[in-house]
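Student: The following block contains the structure, expressed as structure tokens.
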Amino acid sequence: MKHSPVCLLRNSLKNIIQCEKIIKKNIENESFEKQFLWLSTRRFISHAQAIICLCNKKQNLEALMLLRPIIELVVNLRWIIEDSTGNNRKQFMESTEYTFNNSGIPQMGGYWTEKNLKDRMLAIGFASDYYEAVVKKLHEEIHVNPAVIARAHNKNLTSMSREAIFSVACQWAGHLLAAANKLYPKECFMNHKDVWSKIKVNSPAM
């Protein structure tokens, strides 16, 4: 039986929030990977809560904007913790440093901005179809492709429905949970497959 993507995201988020409170109690004594998961989880919670709030106010376009950072956040998480060489972690840490330009504005992660999200997704096992169908769509909205301006005369500023936005968010909640269960197999994180199996649209293209 399929579940409403709205309820599924709410239930997944509730579980993630509960588990975040548990793992943060001893986080300072944990490995880099577990600390990175915790920091990523906190950011995921913030974005997911904002998506729910915006969709409730029928601000689908604004909610859609938050899907891109959620995707990149979780891709980065998997890209780092699943790399046994440590090279990805090194690249990420080097990009946390920043300098100030002549106007006093910090230039952060210059090297990181040159990294291709599609390449990182392919590296962790995604098919290019997912990038083309979902991420490229978000890219068009964020960078104001001329076609999205042409739709502005319609009642809805984006063609992605509330249910579609929640479905994508649920897919990435599943990826976060998969990473969490990899690092905390004995904690109370939901099984990511229990989330994916309840999504009305196709499961992530892996």
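Residues in the structure tokens are named by chain (A, B, ... in the order shown) and by number from 1 within that chain; ligands are numbered from 1 in the order shown.
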Please, which residues in segment 29-117 of chain A fall within 8 Å of segment 17-25 of chain A when counting only C-alpha atoms, and what is the closest atom pair and distance in Å to one decimal for each, ordered by chain then residue number, as JSON lines?
Tutor:
```
{"residue": "A:Trp38", "atom": "CA", "partner": "A:Glu20", "partner_atom": "CA", "distance": 6.8}
{"residue": "A:Thr41", "atom": "CA", "partner": "A:Glu20", "partner_atom": "CA", "distance": 7.1}
{"residue": "A:Arg42", "atom": "CA", "partner": "A:Glu20", "partner_atom": "CA", "distance": 7.4}
{"residue": "A:Ile45", "atom": "CA", "partner": "A:Ile17", "partner_atom": "CA", "distance": 7.0}
```
Student: For the residues in that selection, give me N, CA and C atoms as a PDB file, in the first residue's frame.
Tutor:
```pdb
ATOM      1  N   TRP A  38      26.192  13.689  11.365  1.00  0.00           N
ATOM      2  CA  TRP A  38      25.396  14.493  12.294  1.00  0.00           C
ATOM      3  C   TRP A  38      25.184  15.910  11.762  1.00  0.00           C
ATOM      4  N   THR A  41      22.838  15.787   8.890  1.00  0.00           N
ATOM      5  CA  THR A  41      21.479  15.508   9.365  1.00  0.00           C
ATOM      6  C   THR A  41      20.811  16.772   9.884  1.00  0.00           C
ATOM      7  N   ARG A  42      21.543  17.570  10.634  1.00  0.00           N
ATOM      8  CA  ARG A  42      20.980  18.826  11.155  1.00  0.00           C
ATOM      9  C   ARG A  42      20.535  19.738  10.012  1.00  0.00           C
ATOM     10  N   ILE A  45      17.404  18.315   8.273  1.00  0.00           N
ATOM     11  CA  ILE A  45      16.201  18.584   9.072  1.00  0.00           C
ATOM     12  C   ILE A  45      15.697  19.999   8.817  1.00  0.00           C
TER      13      ILE A  45
END
```
Student: Compile the contact shell of Asn76 of chain A as a PyMOL selection string: residues with an atom at most 12 Å away, counting only C-alpha atoms, same-chain residues fewer than 2 positions apart removed.
Tutor: chain A and resi 33+36-37+39-40+69-74+78-83+88-89+91-93+112+115-124+175-176+179
Student: So that I can see what lies close to Ala48 of chain A, please list as a ChimeraX atom specification the residues with an atom at most 10 Å from it, counting only C-alpha atoms and leaving out residues fewer than 5 positions away in the same chain.
Tutor: /A:9-10,13,43,53-54,63,66-67,70,166,169-170,173
Student: Please report the interatomic distance between atom CA of Pro5 of chain A and atom CA of Ile199 of chain A in Å with one decimal.
Tutor: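 Separating atom CA of Pro5 of chain A from atom CA of Ile199 of chain A is a distance of 6.4 Å.
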Student: Taking the backbone alone, and naming residues the way the document does, which bits of segment 20-195 of chain A are alpha helix (DSSP H) by DSSP, as a ChimeraX atom specification?
Tutor: /A:20-23,32-56,60-65,67-81,87-94,117-123,128-130,136-142,146-150,162-183,192-195
Student: Between atom CA of Asp194 of chain A and atom CA of Gln35 of chain A, what is the distance in Å, rounded to a tenth?
Tutor: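 Computing the Euclidean distance for atom CA of Asp194 of chain A and atom CA of Gln35 of chain A yields 24.9 Å.
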Student: Residues near Arg162 of chain A, anyone? I mean within 10 Å using only C-alpha atoms, not counting same-chain ones fewer than 5 positions away, as a list in words.
Tutor: Pro5, Val6, Ile51, Ile52, Leu54, Cys55, Asn56, Lys58, Gln59, Asn60, Leu61, Ala63, Leu64 and Ser167 of chain A
Student: Output the selection as a PDB file, in the first residue's frame - N, CA and C atoms for each residue.
Tutor:
```pdb
ATOM      1  N   PRO A   5       2.940  11.082   0.126  1.00  0.00           N
ATOM      2  CA  PRO A   5       4.317  11.555   0.274  1.00  0.00           C
ATOM      3  C   PRO A   5       4.459  12.596   1.378  1.00  0.00           C
ATOM      4  N   VAL A   6       3.367  13.328   1.652  1.00  0.00           N
ATOM      5  CA  VAL A   6       3.393  14.314   2.737  1.00  0.00           C
ATOM      6  C   VAL A   6       3.563  13.609   4.078  1.00  0.00           C
ATOM      7  N   ILE A  51      10.699  23.018   3.675  1.00  0.00           N
ATOM      8  CA  ILE A  51       9.909  22.547   2.538  1.00  0.00           C
ATOM      9  C   ILE A  51       8.469  22.290   2.951  1.00  0.00           C
ATOM     10  N   ILE A  52       8.281  21.639   4.089  1.00  0.00           N
ATOM     11  CA  ILE A  52       6.932  21.359   4.588  1.00  0.00           C
ATOM     12  C   ILE A  52       6.176  22.664   4.836  1.00  0.00           C
ATOM     13  N   LEU A  54       6.731  25.691   3.564  1.00  0.00           N
ATOM     14  CA  LEU A  54       6.458  26.420   2.324  1.00  0.00           C
ATOM     15  C   LEU A  54       5.333  25.773   1.523  1.00  0.00           C
ATOM     16  N   CYS A  55       5.351  24.447   1.433  1.00  0.00           N
ATOM     17  CA  CYS A  55       4.291  23.750   0.698  1.00  0.00           C
ATOM     18  C   CYS A  55       2.935  23.945   1.358  1.00  0.00           C
ATOM     19  N   ASN A  56       2.918  23.991   2.677  1.00  0.00           N
ATOM     20  CA  ASN A  56       1.668  24.235   3.398  1.00  0.00           C
ATOM     21  C   ASN A  56       1.097  25.610   3.067  1.00  0.00           C
ATOM     22  N   LYS A  58       1.453  26.901   0.113  1.00  0.00           N
ATOM     23  CA  LYS A  58       1.315  26.867  -1.346  1.00  0.00           C
ATOM     24  C   LYS A  58       2.427  27.623  -2.067  1.00  0.00           C
ATOM     25  N   GLN A  59       3.603  27.660  -1.432  1.00  0.00           N
ATOM     26  CA  GLN A  59       4.783  28.273  -2.033  1.00  0.00           C
ATOM     27  C   GLN A  59       5.648  27.168  -2.648  1.00  0.00           C
ATOM     28  N   ASN A  60       5.093  26.491  -3.647  1.00  0.00           N
ATOM     29  CA  ASN A  60       5.783  25.346  -4.238  1.00  0.00           C
ATOM     30  C   ASN A  60       7.116  25.715  -4.878  1.00  0.00           C
ATOM     31  N   LEU A  61       7.165  26.843  -5.544  1.00  0.00           N
ATOM     32  CA  LEU A  61       8.404  27.254  -6.207  1.00  0.00           C
ATOM     33  C   LEU A  61       9.517  27.452  -5.191  1.00  0.00           C
ATOM     34  N   ALA A  63       9.682  26.139  -2.207  1.00  0.00           N
ATOM     35  CA  ALA A  63      10.018  24.831  -1.634  1.00  0.00           C
ATOM     36  C   ALA A  63      10.917  24.052  -2.577  1.00  0.00           C
ATOM     37  N   LEU A  64      10.625  24.181  -3.868  1.00  0.00           N
ATOM     38  CA  LEU A  64      11.411  23.486  -4.888  1.00  0.00           C
ATOM     39  C   LEU A  64      12.875  23.891  -4.826  1.00  0.00           C
ATOM     40  N   SER A 167       7.707  13.855  -2.792  1.00  0.00           N
ATOM     41  CA  SER A 167       8.214  12.552  -3.224  1.00  0.00           C
ATOM     42  C   SER A 167       9.728  12.581  -3.411  1.00  0.00           C
TER      43      SER A 167
END
```
Student: So how many Å separate atom CA of Ala180 of chain A and atom CA of Lys34 of chain A, to one decimal?
Tutor: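 It comes out at 8.4 Å.
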